[in-house]
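> Have a look at this one before I ask anything.
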Amino acid sequence: MGEWIDFERWKECPQLERPGYAFEVRNAEGQSLFTACDVSLKLPSSWTSAPVQFRLVEAPKPRHSTPIPRPRS
C-alpha cells in the first residue's frame, strides 16, 4: 500500500492514478472511503469530519453475485 498523503494534495490525484488501483481516503475519525480519483469528491453523509489523508491502494477484486434463480413454471 502507498504512503499516506495530506488531503490538501487531493487535486493531484489524476497524476497518481494507476490501473488496478484505487484511492483510500481517511478522515480525522479514522473512517475510510475507497474511491477512484474525483477531484470534487463527494463524502458520505455519515462523515462528521473532513478528509485528512489519502493513499493509493490495490483495487478490490470484483465480487460476482449468485445468479438469479429461474422462475418456477
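Please note that chains go A, B, ... in the order of the C-alpha cells, that every chain numbers its residues from 1, and that ligands are numbered from 1 in the order shown.
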Please identify which residues in chain A DSSP calls helix (DSSP H, G or I) from the backbone, and express them as a compact mmCIF listing (two decimals) with N, CA and C atoms, in the first residue's frame.

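As a result, out_17.txt now contains:
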# COMPACT_ATOMS: atom_id res chain seq x y z
N PHE A 7 -4.42 15.45 2.52
CA PHE A 7 -5.55 15.62 1.61
C PHE A 7 -5.47 16.94 0.84
N GLU A 8 -4.69 17.88 1.30
CA GLU A 8 -4.50 19.14 0.57
C GLU A 8 -4.00 18.88 -0.84
N ARG A 9 -3.37 17.73 -1.07
CA ARG A 9 -2.82 17.38 -2.38
C ARG A 9 -3.78 16.53 -3.22
N TRP A 10 -5.04 16.37 -2.79
CA TRP A 10 -6.01 15.54 -3.50
C TRP A 10 -6.18 15.98 -4.96
N LYS A 11 -6.05 17.27 -5.23
CA LYS A 11 -6.21 17.76 -6.61
C LYS A 11 -5.16 17.15 -7.54
N GLU A 12 -4.11 16.54 -6.98
CA GLU A 12 -3.07 15.88 -7.78
C GLU A 12 -3.41 14.42 -8.09
N CYS A 13 -4.55 13.94 -7.64
CA CYS A 13 -4.86 12.51 -7.81
C CYS A 13 -4.85 12.05 -9.27
N PRO A 14 -5.21 12.88 -10.27
CA PRO A 14 -5.14 12.38 -11.65
C PRO A 14 -3.72 11.94 -12.05
N GLN A 15 -2.70 12.60 -11.53
CA GLN A 15 -1.32 12.23 -11.86
C GLN A 15 -0.88 10.97 -11.11
N LEU A 16 -1.58 10.61 -10.04
CA LEU A 16 -1.21 9.46 -9.22
C LEU A 16 -1.96 8.19 -9.60
> Run DSSP on the backbone and grab whatever in chain A lands in strand (DSSP E or B); send it over as a list in words.
Ile5, Asp6, Tyr21, Ala22, Phe23, Glu24, Val25, Arg26, Asn27, Ser32, Leu33, Phe34, Thr35, Pro51, Val52, Gln53, Phe54, Arg55, Leu56, Val57 and Glu58 of chain A
> Can you tell me which residues surround A:Trp47 at a distance of at most 9 Å, considering only C-alpha atoms, apart from same-chain residues fewer than 3 positions away, and format the answer as a list in words?
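Near A:Trp47, the qualifying residues are Asn27, Glu29, Gln31, Leu43, Pro44, Ala50 and Pro51 of chain A.
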> Residues as selected, N, CA and C atoms, written as a PDB file, in the first residue's frame, can you do that?

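Here's the written file again-v9.pdb:
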ATOM      1  N   ASN A  27     -10.634  10.149   7.118  1.00  0.00           N
ATOM      2  CA  ASN A  27     -10.922  11.394   7.829  1.00  0.00           C
ATOM      3  C   ASN A  27     -10.270  11.381   9.209  1.00  0.00           C
ATOM      4  N   GLU A  29     -11.481  10.992  12.048  1.00  0.00           N
ATOM      5  CA  GLU A  29     -12.026   9.983  12.958  1.00  0.00           C
ATOM      6  C   GLU A  29     -11.573   8.571  12.591  1.00  0.00           C
ATOM      7  N   GLN A  31     -12.305   6.993   9.734  1.00  0.00           N
ATOM      8  CA  GLN A  31     -13.186   6.350   8.761  1.00  0.00           C
ATOM      9  C   GLN A  31     -12.531   6.387   7.388  1.00  0.00           C
ATOM     10  N   LEU A  43     -18.436  13.218  -0.184  1.00  0.00           N
ATOM     11  CA  LEU A  43     -18.220  12.470   1.062  1.00  0.00           C
ATOM     12  C   LEU A  43     -19.517  11.843   1.555  1.00  0.00           C
ATOM     13  N   PRO A  44     -19.425  10.696   2.216  1.00  0.00           N
ATOM     14  CA  PRO A  44     -20.624  10.065   2.782  1.00  0.00           C
ATOM     15  C   PRO A  44     -21.266  10.971   3.833  1.00  0.00           C
ATOM     16  N   ALA A  50     -13.825  16.244   8.091  1.00  0.00           N
ATOM     17  CA  ALA A  50     -13.299  16.329   6.727  1.00  0.00           C
ATOM     18  C   ALA A  50     -12.179  15.309   6.506  1.00  0.00           C
ATOM     19  N   PRO A  51     -11.918  14.954   5.245  1.00  0.00           N
ATOM     20  CA  PRO A  51     -10.799  14.053   4.964  1.00  0.00           C
ATOM     21  C   PRO A  51      -9.476  14.717   5.318  1.00  0.00           C
TER      22      PRO A  51
END
> So how many Å separate atom CA of A:Gly20 and atom CA of A:Leu41, to one decimal?
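So the two atoms, atom CA of A:Gly20 and atom CA of A:Leu41, lie 19.6 Å apart.
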> Would you compute the distance between atom CA of A:Ser49 and atom CA of A:Cys37? Give it in Å to one decimal.
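We find that atom CA of A:Ser49 and atom CA of A:Cys37 lie 19.8 Å from each other.
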> Please indicate the distance in Å from atom CA of A:Val25 to atom CA of A:Arg63, rounded to one decimal place.
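Between atom CA of A:Val25 and atom CA of A:Arg63 the gap is 21.6 Å.
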> From the options A:Glu58, A:Thr48, A:Phe34, A:Gly2, which residue's atoms come nearest to A:Tyr21, counting only C-alpha atoms?
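Looking only at the distances to A:Tyr21, the closest residue turns out to be A:Glu58.
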